[in-house]
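Okay, so here's the structure we're looking at.
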Amino acid sequence: MPQPEVAIAIAIRGLGDRADEPKDPMDPMEPGGRQPAPGRLARVQEFVNTVDVEDGVDQLADPERLGAWLAERELLGRGERLGAADLQRAVEVREALRGLLLANAGADLDPEAVASLNRSARNARLLVRFGDDGRAGLEPEPAGVEQAVARLLAIVYTAMAEGTWARLKACRNHECRWAFYDHSKNRSGRWCTMDVCGNAMKARAYRSRQRPRR
């Protein structure tokens, strides 16, 4: 199965902010006691997890909450007004990223997820800019939600280049699909927690095998 790093042709080039920058030690642990993704890659993880698939609670339920969430994470300027179309675009990108994370966990790569991200990448218009310290970074040209999407895609591209992206996965339990970072040495994690989702999936597979064939 082709890996998402190869299969997805995101139209981004250049050097981005490092995804392994130090993370706030006060950030909470993930389910099962997992540490979150390192550095700025945690922003992508947080973004995908803005909806709890199991109970249906969505932190981005309306444009106002979307704008506030993005601004709090410095992905969007404060006070920018977003509309219904912006919300739809953000949710589309969120679910496309989840598709890539499911592929990182061993699921088939969804071609529509790749196509969706490529559409977003075309609007991102990321440029390489050099700061006062001489370091290069990817900076978005557009404003509004496209700016936030561009910054998220820049983080994804940088993580792919640095080799951390493949460890960011989505739980293979279809009733969960929570984004988690696989810190295991062999990168074999498939569920956000073995005690809950892992055992549930194994029990489901066992019951399926025990059903009489017709």
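Labels for the structure tokens follow display order: chains A, B, ..., residues from 1 in each chain, ligands from 1.
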Mind the document's chain letters and residue numbers, and return as a ChimeraX atom specification the residues of stretch 65-143 of chain A that DSSP labels helix (DSSP H, G or I). /A:65-72,84-104,111-124
Determine which residues of stretch 26-136 of chain A DSSP labels as strand (DSSP E or B) from the backbone of this structure, then write them out as a ChimeraX atom specification. /A:51,58,126-130,136
Writing out the chosen residues with N, CA, C and O atoms as a short mmCIF file (atom, residue, chain, number, x, y, z; two decimals), in the first residue's frame:
```cif
data_model
loop_
_atom_site.label_atom_id
_atom_site.label_comp_id
_atom_site.auth_asym_id
_atom_site.auth_seq_id
_atom_site.Cartn_x
_atom_site.Cartn_y
_atom_site.Cartn_z
N VAL A 51 -13.57 17.20 16.69
CA VAL A 51 -14.85 16.50 16.77
C VAL A 51 -14.62 15.16 17.45
O VAL A 51 -13.65 14.46 17.14
N ASP A 58 -18.77 18.58 18.58
CA ASP A 58 -17.87 19.23 17.64
C ASP A 58 -17.51 20.62 18.16
O ASP A 58 -18.37 21.47 18.36
N LEU A 126 1.50 29.00 -0.40
CA LEU A 126 2.56 29.17 0.61
C LEU A 126 3.86 29.62 -0.06
O LEU A 126 4.25 29.09 -1.09
N LEU A 127 4.50 30.59 0.54
CA LEU A 127 5.75 31.12 0.04
C LEU A 127 6.86 30.91 1.06
O LEU A 127 6.61 30.92 2.26
N VAL A 128 8.09 30.73 0.56
CA VAL A 128 9.24 30.65 1.46
C VAL A 128 9.66 32.08 1.80
O VAL A 128 9.94 32.89 0.92
N ARG A 129 9.67 32.38 3.10
CA ARG A 129 10.11 33.70 3.56
C ARG A 129 11.21 33.52 4.60
O ARG A 129 11.18 32.59 5.39
N PHE A 130 12.16 34.47 4.59
CA PHE A 130 13.26 34.44 5.54
C PHE A 130 13.04 35.50 6.62
O PHE A 130 12.72 36.65 6.31
N ALA A 136 14.40 30.18 7.25
CA ALA A 136 13.33 30.17 6.27
C ALA A 136 12.10 29.48 6.85
O ALA A 136 12.20 28.56 7.65
#
```
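Minimum atom-to-atom distances from A:Gly79, A:Leu117, A:Gly137, A:Arg73 to A:Arg40 were compared using only C-alpha atoms, and the lowest value belongs to A:Arg73.
Across the structure, atom CA of A:Asn104 and atom CA of A:Lys169 are spaced 5.3 Å apart.
Excluding A:Leu82 itself and same-chain residues fewer than 2 positions from it, the residues having an atom within 7 Å of it are Pro63, Glu64, Gly67, Glu80 and Asp86 of chain A, counting only C-alpha atoms.
Counting only C-alpha atoms, A:Val48 has the following residues at most 10 Å away, ignoring those fewer than 5 positions along the same chain: A:Ala42, A:Arg43, A:Val91, A:Val93, A:Arg94, A:Glu95, A:Ala96, A:Leu97, A:Arg98, A:Leu101, A:Ala170, A:Arg177, A:Trp178, A:Ala179, A:Phe180.
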To one decimal in Å, tell me the separation between atom CA of A:Arg187 and atom CA of A:Gly163. 11.9 Å
